[in-house]
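The structure file structure.pdb is reproduced below (PDB, C-alpha atoms, pLDDT in the B column).
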ATOM      1  CA  MET Q 506      97.934 145.526  86.746  1.00 47.00           C
ATOM      2  CA  PRO Q 507      95.788 142.372  86.640  1.00 60.00           C
ATOM      3  CA  MET Q 508      96.202 140.044  83.684  1.00 63.00           C
ATOM      4  CA  SER Q 509      93.615 140.058  80.935  1.00 64.00           C
ATOM      5  CA  LYS Q 510      91.568 136.926  80.360  1.00 65.00           C
ATOM      6  CA  GLN Q 511      93.648 136.155  77.271  1.00 64.00           C
ATOM      7  CA  GLN Q 512      96.952 136.601  79.137  1.00 68.00           C
ATOM      8  CA  ALA Q 513      95.719 134.360  81.941  1.00 69.00           C
ATOM      9  CA  ASN Q 514      94.701 131.628  79.509  1.00 67.00           C
ATOM     10  CA  ILE Q 515      98.084 131.827  77.732  1.00 72.00           C
ATOM     11  CA  SER Q 516      99.941 131.555  81.061  1.00 75.00           C
ATOM     12  CA  LEU Q 517      97.827 128.623  82.214  1.00 76.00           C
ATOM     13  CA  LEU Q 518      98.248 126.862  78.886  1.00 70.00           C
ATOM     14  CA  LYS Q 519     102.041 127.187  79.067  1.00 75.00           C
ATOM     15  CA  ILE Q 520     102.150 125.827  82.599  1.00 74.00           C
ATOM     16  CA  TYR Q 521      99.554 123.071  82.362  1.00 74.00           C
ATOM     17  CA  LYS Q 522      99.816 122.031  78.709  1.00 74.00           C
ATOM     18  CA  ASP Q 523     100.632 118.417  79.583  1.00 69.00           C
ATOM     19  CA  HIS Q 524      99.311 118.351  83.149  1.00 75.00           C
ATOM     20  CA  LYS Q 525      96.942 115.499  83.996  1.00 76.00           C
ATOM     21  CA  SER Q 526      94.582 117.949  85.725  1.00 80.00           C
ATOM     22  CA  LYS Q 527      94.562 120.451  82.818  1.00 86.00           C
ATOM     23  CA  LYS Q 528      90.818 120.032  82.174  1.00 90.00           C
ATOM     24  CA  LYS Q 529      89.942 120.603  85.829  1.00 93.00           C
ATOM     25  CA  ILE Q 530      92.245 123.612  86.200  1.00 91.00           C
ATOM     26  CA  PHE Q 531      90.895 125.391  83.122  1.00 89.00           C
ATOM     27  CA  TYR Q 532      87.329 124.698  84.227  1.00 93.00           C
ATOM     28  CA  LEU Q 533      88.027 126.137  87.680  1.00 95.00           C
ATOM     29  CA  ALA Q 534      89.898 129.170  86.362  1.00 91.00           C
ATOM     30  CA  LYS Q 535      86.963 129.946  84.090  1.00 91.00           C
ATOM     31  CA  LYS Q 536      84.514 129.590  86.985  1.00 94.00           C
ATOM     32  CA  ASP Q 537      86.440 131.715  89.489  1.00 94.00           C
ATOM     33  CA  LYS Q 538      89.002 134.348  88.531  1.00 91.00           C
ATOM     34  CA  ASP Q 539      90.355 134.332  92.100  1.00 93.00           C
ATOM     35  CA  LEU Q 540      91.888 130.929  91.357  1.00 94.00           C
ATOM     36  CA  ILE Q 541      93.875 132.062  88.315  1.00 91.00           C
ATOM     37  CA  ASP Q 542      96.795 133.643  90.188  1.00 89.00           C
ATOM     38  CA  LEU Q 543      96.761 130.703  92.574  1.00 92.00           C
ATOM     39  CA  PHE Q 544      97.219 128.170  89.776  1.00 91.00           C
ATOM     40  CA  ILE Q 545      99.936 130.317  88.179  1.00 90.00           C
ATOM     41  CA  ASN Q 546     101.881 131.111  91.373  1.00 90.00           C
ATOM     42  CA  PHE Q 547     101.644 127.592  92.810  1.00 91.00           C
ATOM     43  CA  SER Q 548     101.929 125.612  89.612  1.00 87.00           C
ATOM     44  CA  ASN Q 549     104.120 123.036  91.358  1.00 84.00           C
ATOM     45  CA  PHE Q 550     101.310 122.087  93.731  1.00 88.00           C
ATOM     46  CA  GLU Q 551     101.078 118.400  94.469  1.00 87.00           C
ATOM     47  CA  GLU Q 552      98.065 116.233  95.140  1.00 89.00           C
ATOM     48  CA  TYR Q 553      97.632 115.205  98.755  1.00 92.00           C
ATOM     49  CA  LYS Q 554      98.140 111.435  98.693  1.00 94.00           C
ATOM     50  CA  LYS Q 555      97.661 108.644 101.217  1.00 95.00           C
ATOM     51  CA  ASN Q 556      97.549 104.859 101.016  1.00 95.00           C
ATOM     52  CA  LYS Q 557      94.247 103.046 101.101  1.00 96.00           C
ATOM     53  CA  GLY Q 558      93.186 101.100 104.185  1.00 97.00           C
ATOM     54  CA  PHE Q 559      94.839 100.932 107.585  1.00 97.00           C
ATOM     55  CA  LYS Q 560      98.048 102.700 106.582  1.00 96.00           C
ATOM     56  CA  GLY Q 561      96.266 105.737 105.191  1.00 97.00           C
ATOM     57  CA  ILE Q 562      93.891 106.063 108.143  1.00 97.00           C
ATOM     58  CA  LEU Q 563      96.819 105.663 110.559  1.00 97.00           C
ATOM     59  CA  GLN Q 564      98.631 108.562 108.885  1.00 96.00           C
ATOM     60  CA  LEU Q 565      95.543 110.764 108.972  1.00 97.00           C
ATOM     61  CA  ILE Q 566      94.866 110.083 112.659  1.00 97.00           C
ATOM     62  CA  ILE Q 567      98.474 111.002 113.426  1.00 97.00           C
ATOM     63  CA  GLU Q 568      98.010 114.234 111.452  1.00 94.00           C
ATOM     64  CA  GLN Q 569      94.930 115.327 113.397  1.00 93.00           C
ATOM     65  CA  GLN Q 570      95.540 118.751 114.995  1.00 89.00           C
ATOM     66  CA  LEU Q 571      99.283 118.635 114.267  1.00 89.00           C
ATOM     67  CA  SER Q 572     101.574 120.482 111.899  1.00 87.00           C
ATOM     68  CA  VAL Q 573     102.823 118.594 108.862  1.00 86.00           C
ATOM     69  CA  ALA Q 574     106.359 118.514 110.283  1.00 91.00           C
ATOM     70  CA  SER Q 575     105.265 117.133 113.665  1.00 95.00           C
ATOM     71  CA  ALA Q 576     103.047 114.480 112.099  1.00 94.00           C
ATOM     72  CA  ASN Q 577     105.814 113.384 109.710  1.00 94.00           C
ATOM     73  CA  ALA Q 578     108.292 113.079 112.576  1.00 97.00           C
ATOM     74  CA  ILE Q 579     105.923 110.855 114.563  1.00 97.00           C
ATOM     75  CA  TYR Q 580     105.125 108.697 111.549  1.00 96.00           C
ATOM     76  CA  LYS Q 581     108.818 108.252 110.747  1.00 96.00           C
ATOM     77  CA  LYS Q 582     109.539 107.024 114.285  1.00 96.00           C
ATOM     78  CA  LEU Q 583     106.537 104.721 114.251  1.00 96.00           C
ATOM     79  CA  LYS Q 584     107.417 103.306 110.853  1.00 94.00           C
ATOM     80  CA  ALA Q 585     110.907 102.408 112.118  1.00 94.00           C
ATOM     81  CA  LYS Q 586     109.346 100.134 114.736  1.00 93.00           C
ATOM     82  CA  MET Q 587     107.371  98.051 112.230  1.00 91.00           C
ATOM     83  CA  ILE Q 588     108.522  95.549 109.626  1.00 84.00           C
ATOM     84  CA  ASN Q 589     105.606  96.711 107.518  1.00 90.00           C
ATOM     85  CA  ILE Q 590     102.775  99.145 108.193  1.00 93.00           C
ATOM     86  CA  SER Q 591      99.957  96.809 109.124  1.00 95.00           C
ATOM     87  CA  PRO Q 592      97.418  96.455 111.948  1.00 96.00           C
ATOM     88  CA  GLU Q 593      99.132  93.277 113.106  1.00 96.00           C
ATOM     89  CA  SER Q 594     102.525  94.977 113.346  1.00 96.00           C
ATOM     90  CA  PHE Q 595     101.041  97.982 115.129  1.00 97.00           C
ATOM     91  CA  LEU Q 596      99.410  95.808 117.825  1.00 97.00           C
ATOM     92  CA  LYS Q 597     102.789  94.255 118.652  1.00 96.00           C
ATOM     93  CA  ILE Q 598     104.250  97.604 119.746  1.00 96.00           C
ATOM     94  CA  LYS Q 599     104.002  98.334 123.462  1.00 96.00           C
ATOM     95  CA  GLU Q 600     102.211 101.480 124.618  1.00 96.00           C
ATOM     96  CA  GLY Q 601     105.399 102.929 126.098  1.00 96.00           C
ATOM     97  CA  GLU Q 602     107.149 102.640 122.750  1.00 97.00           C
ATOM     98  CA  LEU Q 603     104.215 104.293 120.996  1.00 97.00           C
ATOM     99  CA  LYS Q 604     104.407 107.188 123.436  1.00 97.00           C
ATOM    100  CA  LYS Q 605     108.123 107.551 122.719  1.00 96.00           C
ATOM    101  CA  CYS Q 606     107.212 108.004 119.053  1.00 97.00           C
ATOM    102  CA  GLY Q 607     105.211 111.049 120.083  1.00 97.00           C
ATOM    103  CA  LEU Q 608     101.708 109.594 120.034  1.00 97.00           C
ATOM    104  CA  SER Q 609      99.280 110.842 122.672  1.00 97.00           C
ATOM    105  CA  LYS Q 610      97.358 108.338 124.804  1.00 97.00           C
ATOM    106  CA  GLN Q 611      94.176 109.290 122.965  1.00 97.00           C
ATOM    107  CA  LYS Q 612      95.654 108.615 119.538  1.00 97.00           C
ATOM    108  CA  ILE Q 613      97.148 105.345 120.782  1.00 98.00           C
ATOM    109  CA  ASN Q 614      93.642 104.295 121.834  1.00 97.00           C
ATOM    110  CA  TYR Q 615      92.205 105.329 118.479  1.00 97.00           C
ATOM    111  CA  LEU Q 616      94.864 103.478 116.485  1.00 98.00           C
ATOM    112  CA  THR Q 617      94.688 100.390 118.682  1.00 97.00           C
ATOM    113  CA  GLY Q 618      90.926 100.232 118.221  1.00 97.00           C
ATOM    114  CA  LEU Q 619      91.301 100.696 114.472  1.00 97.00           C
ATOM    115  CA  ALA Q 620      93.975  97.988 114.241  1.00 97.00           C
ATOM    116  CA  LYS Q 621      91.866  95.504 116.222  1.00 97.00           C
ATOM    117  CA  LYS Q 622      88.840  96.119 113.988  1.00 96.00           C
ATOM    118  CA  CYS Q 623      91.012  95.548 110.918  1.00 96.00           C
ATOM    119  CA  VAL Q 624      92.411  92.299 112.288  1.00 96.00           C
ATOM    120  CA  SER Q 625      88.970  91.021 113.288  1.00 96.00           C
ATOM    121  CA  LYS Q 626      87.593  91.946 109.836  1.00 94.00           C
ATOM    122  CA  GLU Q 627      85.001  94.280 111.371  1.00 94.00           C
ATOM    123  CA  ILE Q 628      86.199  96.870 108.884  1.00 94.00           C
ATOM    124  CA  ASN Q 629      85.807  95.924 105.228  1.00 94.00           C
ATOM    125  CA  PHE Q 630      87.670  98.582 103.275  1.00 95.00           C
ATOM    126  CA  ARG Q 631      86.728  97.090  99.899  1.00 94.00           C
ATOM    127  CA  LYS Q 632      83.059  97.500 100.747  1.00 96.00           C
ATOM    128  CA  ILE Q 633      83.590 100.975 102.189  1.00 96.00           C
ATOM    129  CA  HIS Q 634      85.503 102.154  99.111  1.00 97.00           C
ATOM    130  CA  LYS Q 635      82.514 101.340  96.869  1.00 97.00           C
ATOM    131  CA  MET Q 636      80.204 103.665  98.821  1.00 97.00           C
ATOM    132  CA  ASN Q 637      79.253 107.147  97.664  1.00 97.00           C
ATOM    133  CA  ASP Q 638      80.772 110.104  99.517  1.00 96.00           C
ATOM    134  CA  GLU Q 639      77.934 110.610 101.993  1.00 96.00           C
ATOM    135  CA  ASP Q 640      77.555 106.933 102.887  1.00 97.00           C
ATOM    136  CA  LEU Q 641      81.307 106.499 103.219  1.00 97.00           C
ATOM    137  CA  VAL Q 642      81.571 109.382 105.695  1.00 97.00           C
ATOM    138  CA  ASN Q 643      78.644 107.999 107.705  1.00 96.00           C
ATOM    139  CA  GLU Q 644      80.176 104.517 107.770  1.00 95.00           C
ATOM    140  CA  ILE Q 645      83.805 105.347 108.482  1.00 95.00           C
ATOM    141  CA  THR Q 646      83.033 107.894 111.207  1.00 96.00           C
ATOM    142  CA  LYS Q 647      81.502 105.072 113.243  1.00 95.00           C
ATOM    143  CA  ILE Q 648      85.112 104.142 114.017  1.00 95.00           C
ATOM    144  CA  LYS Q 649      86.333 105.885 117.158  1.00 95.00           C
ATOM    145  CA  GLY Q 650      88.883 108.561 116.325  1.00 95.00           C
ATOM    146  CA  ILE Q 651      87.630 109.167 112.797  1.00 96.00           C
ATOM    147  CA  GLY Q 652      85.615 112.343 112.342  1.00 96.00           C
ATOM    148  CA  PRO Q 653      84.379 114.095 109.196  1.00 96.00           C
ATOM    149  CA  TRP Q 654      87.783 115.749 108.534  1.00 95.00           C
ATOM    150  CA  THR Q 655      89.623 112.416 108.571  1.00 96.00           C
ATOM    151  CA  ALA Q 656      86.943 110.764 106.434  1.00 97.00           C
ATOM    152  CA  GLN Q 657      86.974 113.592 103.887  1.00 97.00           C
ATOM    153  CA  CYS Q 658      90.766 113.690 103.682  1.00 97.00           C
ATOM    154  CA  TYR Q 659      90.772 109.907 103.227  1.00 97.00           C
ATOM    155  CA  MET Q 660      88.383 110.170 100.271  1.00 98.00           C
ATOM    156  CA  LEU Q 661      90.467 112.959  98.758  1.00 98.00           C
ATOM    157  CA  ALA Q 662      93.947 111.569  99.370  1.00 97.00           C
ATOM    158  CA  ALA Q 663      93.492 107.791  99.295  1.00 97.00           C
ATOM    159  CA  LEU Q 664      90.499 107.331  97.014  1.00 97.00           C
ATOM    160  CA  ASP Q 665      91.270 110.213  94.631  1.00 96.00           C
ATOM    161  CA  ARG Q 666      87.709 111.498  94.563  1.00 97.00           C
ATOM    162  CA  ASP Q 667      87.221 114.724  92.616  1.00 97.00           C
ATOM    163  CA  ASP Q 668      84.782 116.731  94.702  1.00 98.00           C
ATOM    164  CA  ILE Q 669      85.943 116.510  98.317  1.00 98.00           C
ATOM    165  CA  TRP Q 670      86.045 119.656 100.437  1.00 98.00           C
ATOM    166  CA  PRO Q 671      87.131 119.348 104.124  1.00 97.00           C
ATOM    167  CA  VAL Q 672      85.249 122.410 105.403  1.00 95.00           C
ATOM    168  CA  ALA Q 673      86.760 122.267 108.895  1.00 94.00           C
ATOM    169  CA  ASP Q 674      90.400 122.241 107.785  1.00 95.00           C
ATOM    170  CA  LEU Q 675      92.141 125.272 109.300  1.00 92.00           C
ATOM    171  CA  GLY Q 676      94.709 125.491 106.524  1.00 93.00           C
ATOM    172  CA  LEU Q 677      91.965 125.633 103.902  1.00 96.00           C
ATOM    173  CA  MET Q 678      90.057 128.196 105.952  1.00 97.00           C
ATOM    174  CA  GLU Q 679      93.091 130.478 106.120  1.00 96.00           C
ATOM    175  CA  ALA Q 680      93.845 130.020 102.421  1.00 96.00           C
ATOM    176  CA  VAL Q 681      90.245 130.840 101.481  1.00 97.00           C
ATOM    177  CA  LYS Q 682      90.395 133.904 103.709  1.00 97.00           C
ATOM    178  CA  ARG Q 683      93.433 135.118 101.744  1.00 95.00           C
ATOM    179  CA  ILE Q 684      92.213 134.527  98.209  1.00 95.00           C
ATOM    180  CA  LYS Q 685      88.749 135.891  98.930  1.00 96.00           C
ATOM    181  CA  LYS Q 686      90.209 138.830 100.900  1.00 95.00           C
ATOM    182  CA  LEU Q 687      87.980 138.180 103.911  1.00 97.00           C
ATOM    183  CA  LYS Q 688      88.439 140.082 107.168  1.00 96.00           C
ATOM    184  CA  THR Q 689      87.934 136.997 109.316  1.00 96.00           C
ATOM    185  CA  ARG Q 690      88.429 133.290 108.908  1.00 96.00           C
ATOM    186  CA  PRO Q 691      85.369 131.775 107.171  1.00 97.00           C
ATOM    187  CA  SER Q 692      83.066 129.496 109.139  1.00 97.00           C
ATOM    188  CA  GLU Q 693      82.315 125.961 108.000  1.00 97.00           C
ATOM    189  CA  GLU Q 694      79.044 127.253 106.565  1.00 97.00           C
ATOM    190  CA  ASP Q 695      80.949 129.976 104.683  1.00 97.00           C
ATOM    191  CA  MET Q 696      83.413 127.390 103.387  1.00 98.00           C
ATOM    192  CA  GLU Q 697      80.603 125.253 102.037  1.00 97.00           C
ATOM    193  CA  ARG Q 698      78.875 128.240 100.412  1.00 97.00           C
ATOM    194  CA  ILE Q 699      82.045 129.660  98.839  1.00 98.00           C
ATOM    195  CA  SER Q 700      83.062 126.253  97.485  1.00 98.00           C
ATOM    196  CA  GLN Q 701      79.878 125.625  95.499  1.00 98.00           C
ATOM    197  CA  ILE Q 702      81.247 127.407  92.422  1.00 97.00           C
ATOM    198  CA  TRP Q 703      84.188 124.983  92.383  1.00 98.00           C
ATOM    199  CA  ARG Q 704      82.081 121.854  92.036  1.00 98.00           C
ATOM    200  CA  PRO Q 705      82.704 119.176  90.787  1.00 98.00           C
ATOM    201  CA  TYR Q 706      86.476 119.631  91.263  1.00 98.00           C
ATOM    202  CA  ARG Q 707      86.831 120.892  94.809  1.00 98.00           C
ATOM    203  CA  SER Q 708      89.608 118.386  95.537  1.00 98.00           C
ATOM    204  CA  THR Q 709      91.842 120.177  93.027  1.00 96.00           C
ATOM    205  CA  VAL Q 710      91.088 123.515  94.696  1.00 97.00           C
ATOM    206  CA  ALA Q 711      91.879 122.008  98.109  1.00 97.00           C
ATOM    207  CA  ASN Q 712      95.249 120.776  96.846  1.00 96.00           C
ATOM    208  CA  VAL Q 713      96.342 124.131  95.415  1.00 96.00           C
ATOM    209  CA  LEU Q 714      95.040 126.009  98.471  1.00 97.00           C
ATOM    210  CA  TRP Q 715      97.030 123.731 100.793  1.00 95.00           C
ATOM    211  CA  ALA Q 716     100.109 124.444  98.683  1.00 93.00           C
ATOM    212  CA  SER Q 717      99.527 128.197  99.003  1.00 93.00           C
ATOM    213  CA  TYR Q 718      99.030 127.932 102.761  1.00 86.00           C
ATOM    214  CA  ASP Q 719     102.103 125.759 103.394  1.00 71.00           C
TER     215      ASP Q 719
END
Represent the supplied structure as structure tokens.
Amino acid sequence: MPMSKQQANISLLKIYKDHKSKKKIFYLAKKDKDLIDLFINFSNFEEYKKNKGFKGILQLIIEQQLSVASANAIYKKLKAKMINISPESFLKIKEGELKKCGLSKQKINYLTGLAKKCVSKEINFRKIHKMNDEDLVNEITKIKGIGPWTAQCYMLAALDRDDIWPVADLGLMEAVKRIKKLKTRPSEEDMERISQIWRPYRSTVANVLWASYD
């Protein structure tokens, strides 16, 4: 038997009484009842976090089209080869060693290009970080190897922006399919349409959906 509105509010209050995202969670639960069970059952969900700048982008490029476990294994091997995670340190590693870490030739090219642009100051992260969401995506996707998914995840995980929704993320698509009881995986257009009710806190929804999918 589904919980009543009062029971749901009591459960959420017990769980999130001192949670930093309490305001967002109660707002979202009020907007969409399909999120209530999600917030209760996955109350230990964590925010997806990445470092700002080169290190964060490097991690996200590694994660492209890979499972979390595979990406973490590659990053761990790569990290062991650097004194510190920096573009300068990355450029000192030979291609053969990068391949041994598990990086594909394509990702090596992407990361090498990114590192060179960082060293030459072609990329000004301070300036980029001050841009609004739309301008930031347009600017950062000019860098080879960075598409909308990487740009959106960077804004969500590194810049802690509240209303980021990576519509092409397969994990989110599958999680939305489950909670909305859809017969097929939603398209990017469906993802955008469904998510409108969750504004302006779609990043919080993304985090709890990723937790439910994992």
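Residue nearest Lys560 (chain Q), chosen from Q:Lys612, Q:Tyr659, Q:Lys519, Q:Ser526 and counting all atoms listed in the file: Q:Tyr659.
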The PyMOL selection byres ((chain Q and resi 635-641) around 9) applied to the shown file, residues as number ranges by chain: Q: 630-634, 642-646, 656-657, 660, 666, 669
Please determine the residues with any atom at most 10 Å from (82.1, 121.5, 89.3) (coordinates as given in the file, with all atoms listed in the file counting) and report them as a ChimeraX atom specification. /Q:529,532-533,536,667-668,700-707
Step by step, work through what the PyMOL selection byres ((chain Q and resi 671) around 7) selects in the shown file, and finish by giving those residues as a PyMOL selection string. chain Q and resi 654+657-658+669-670+672-674
Closest of Q:Leu675, Q:Glu697, Q:Gly558, Q:Arg683 to Ser572 (chain Q), counting all atoms listed in the file, is Q:Leu675
Rank Q:Ala576, Q:Ala663, Q:Ile515, Q:Asn614 by their smallest atom-to-atom distance to Glu552 (chain Q), using all atoms listed in the file, and report the top residue only. Q:Ala663
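Here the question is which of Q:Gly601, Q:Gly676, Q:Gly607, Q:Pro653 gets nearest to Asn577 (chain Q) using all atoms listed in the file, and that residue is Q:Gly607.
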Assuming the chain letters and numbering stay as they are in my file, what does the PyMOL selection byres ((chain Q and resi 585-590) around 12) actually select? List them as a PyMOL selection string. chain Q and resi 556-564+578-584+591-599+602-603+605-606+620
By how many Å are CA of Glu568 (chain Q) and CA of Asn549 (chain Q) apart? 22.8 Å
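For the set Q:Val713, Q:Leu571, Q:Met696, Q:Ala662, the residue with the smallest atom-to-atom gap to Ile530 (chain Q) is Q:Val713, counting all atoms listed in the file.
With CA of Ile613 (chain Q) on one side and CA of Ile648 (chain Q) on the other, the separation reads 13.9 Å.
CA of Lys688 (chain Q) lies 23.2 Å from CA of Phe547 (chain Q).
Nearest to Ala680 (chain Q) of all the residues Q:Leu661, Q:Leu565, Q:Val710, Q:Ile541 is Q:Val710, counting all atoms listed in the file.
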Axis-aligned box over every listed atom of region 656-660 of chain Q, padded by 3 Å per side: centre and edges in Å to one decimal, as lines of an AutoDock Vina configuration file?
center_x = 88.9
center_y = 111.8
center_z = 103.4
size_x = 9.8
size_y = 9.8
size_z = 12.2
Just the residues within 9 Å of Asp539 (chain Q), please, counting only C-alpha atoms, with nothing from its chain fewer than 4 positions along; format it as a ChimeraX atom specification. /Q:534,543,684-685
Which residues, written as a PDB file with C-alpha atoms, in the frame of the given file, have at least one atom at most 10 Å from Ile520 (chain Q), with all atoms listed in the file counted and residues fewer than 4 positions away on the same chain left out?
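Once everything was written out, this is out34.pdb:
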ATOM      1  CA  ASN Q 514      94.701 131.628  79.509  1.00 67.00           C
ATOM      2  CA  ILE Q 515      98.084 131.827  77.732  1.00 72.00           C
ATOM      3  CA  SER Q 516      99.941 131.555  81.061  1.00 75.00           C
ATOM      4  CA  HIS Q 524      99.311 118.351  83.149  1.00 75.00           C
ATOM      5  CA  LYS Q 527      94.562 120.451  82.818  1.00 86.00           C
ATOM      6  CA  PHE Q 544      97.219 128.170  89.776  1.00 91.00           C
ATOM      7  CA  ILE Q 545      99.936 130.317  88.179  1.00 90.00           C
ATOM      8  CA  SER Q 548     101.929 125.612  89.612  1.00 87.00           C
ATOM      9  CA  ASN Q 549     104.120 123.036  91.358  1.00 84.00           C
TER      10      ASN Q 549
END
Pick out the residues sitting within 10 Å of Thr689 (chain Q), and hand them over as a VMD selection string; count only C-alpha atoms, and ignore anything fewer than 4 positions along from it in its own chain. chain Q and resid 678 to 679 682 to 683
N, CA and C atoms restored at region 652-667 of chain Q, emitted as a PDB file, in the frame of the given file:
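Resulting contents of selection.pdb:
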ATOM      1  N   GLY Q 652      86.679 111.365 112.505  1.00 96.00           N
ATOM      2  CA  GLY Q 652      85.615 112.343 112.342  1.00 96.00           C
ATOM      3  C   GLY Q 652      85.465 112.722 110.886  1.00 96.00           C
ATOM      4  N   PRO Q 653      84.597 113.683 110.591  1.00 96.00           N
ATOM      5  CA  PRO Q 653      84.379 114.095 109.196  1.00 96.00           C
ATOM      6  C   PRO Q 653      85.656 114.537 108.482  1.00 96.00           C
ATOM      7  N   TRP Q 654      86.547 115.285 109.185  1.00 95.00           N
ATOM      8  CA  TRP Q 654      87.783 115.749 108.534  1.00 95.00           C
ATOM      9  C   TRP Q 654      88.616 114.567 108.055  1.00 95.00           C
ATOM     10  N   THR Q 655      88.813 113.589 108.930  1.00 96.00           N
ATOM     11  CA  THR Q 655      89.623 112.416 108.571  1.00 96.00           C
ATOM     12  C   THR Q 655      88.975 111.653 107.430  1.00 96.00           C
ATOM     13  N   ALA Q 656      87.662 111.487 107.488  1.00 97.00           N
ATOM     14  CA  ALA Q 656      86.943 110.764 106.434  1.00 97.00           C
ATOM     15  C   ALA Q 656      87.057 111.492 105.101  1.00 97.00           C
ATOM     16  N   GLN Q 657      86.892 112.804 105.120  1.00 97.00           N
ATOM     17  CA  GLN Q 657      86.974 113.592 103.887  1.00 97.00           C
ATOM     18  C   GLN Q 657      88.382 113.565 103.302  1.00 97.00           C
ATOM     19  N   CYS Q 658      89.378 113.725 104.163  1.00 97.00           N
ATOM     20  CA  CYS Q 658      90.766 113.690 103.682  1.00 97.00           C
ATOM     21  C   CYS Q 658      91.112 112.308 103.131  1.00 97.00           C
ATOM     22  N   TYR Q 659      90.531 111.266 103.717  1.00 97.00           N
ATOM     23  CA  TYR Q 659      90.772 109.907 103.227  1.00 97.00           C
ATOM     24  C   TYR Q 659      90.205 109.754 101.816  1.00 97.00           C
ATOM     25  N   MET Q 660      88.989 110.266 101.601  1.00 98.00           N
ATOM     26  CA  MET Q 660      88.383 110.170 100.271  1.00 98.00           C
ATOM     27  C   MET Q 660      89.192 110.959  99.244  1.00 98.00           C
ATOM     28  N   LEU Q 661      89.694 112.105  99.658  1.00 98.00           N
ATOM     29  CA  LEU Q 661      90.467 112.959  98.758  1.00 98.00           C
ATOM     30  C   LEU Q 661      91.832 112.353  98.459  1.00 98.00           C
ATOM     31  N   ALA Q 662      92.541 111.962  99.516  1.00 97.00           N
ATOM     32  CA  ALA Q 662      93.947 111.569  99.370  1.00 97.00           C
ATOM     33  C   ALA Q 662      94.158 110.106  99.030  1.00 97.00           C
ATOM     34  N   ALA Q 663      93.310 109.224  99.538  1.00 97.00           N
ATOM     35  CA  ALA Q 663      93.492 107.791  99.295  1.00 97.00           C
ATOM     36  C   ALA Q 663      92.626 107.278  98.151  1.00 97.00           C
ATOM     37  N   LEU Q 664      91.425 107.835  98.024  1.00 97.00           N
ATOM     38  CA  LEU Q 664      90.499 107.331  97.014  1.00 97.00           C
ATOM     39  C   LEU Q 664      90.438 108.212  95.772  1.00 97.00           C
ATOM     40  N   ASP Q 665      91.139 109.345  95.806  1.00 96.00           N
ATOM     41  CA  ASP Q 665      91.270 110.213  94.631  1.00 96.00           C
ATOM     42  C   ASP Q 665      89.916 110.670  94.088  1.00 96.00           C
ATOM     43  N   ARG Q 666      89.023 111.026  94.993  1.00 97.00           N
ATOM     44  CA  ARG Q 666      87.709 111.498  94.563  1.00 97.00           C
ATOM     45  C   ARG Q 666      87.784 112.990  94.231  1.00 97.00           C
ATOM     46  N   ASP Q 667      87.055 113.389  93.200  1.00 97.00           N
ATOM     47  CA  ASP Q 667      87.221 114.724  92.616  1.00 97.00           C
ATOM     48  C   ASP Q 667      86.616 115.869  93.419  1.00 97.00           C
TER      49      ASP Q 667
END
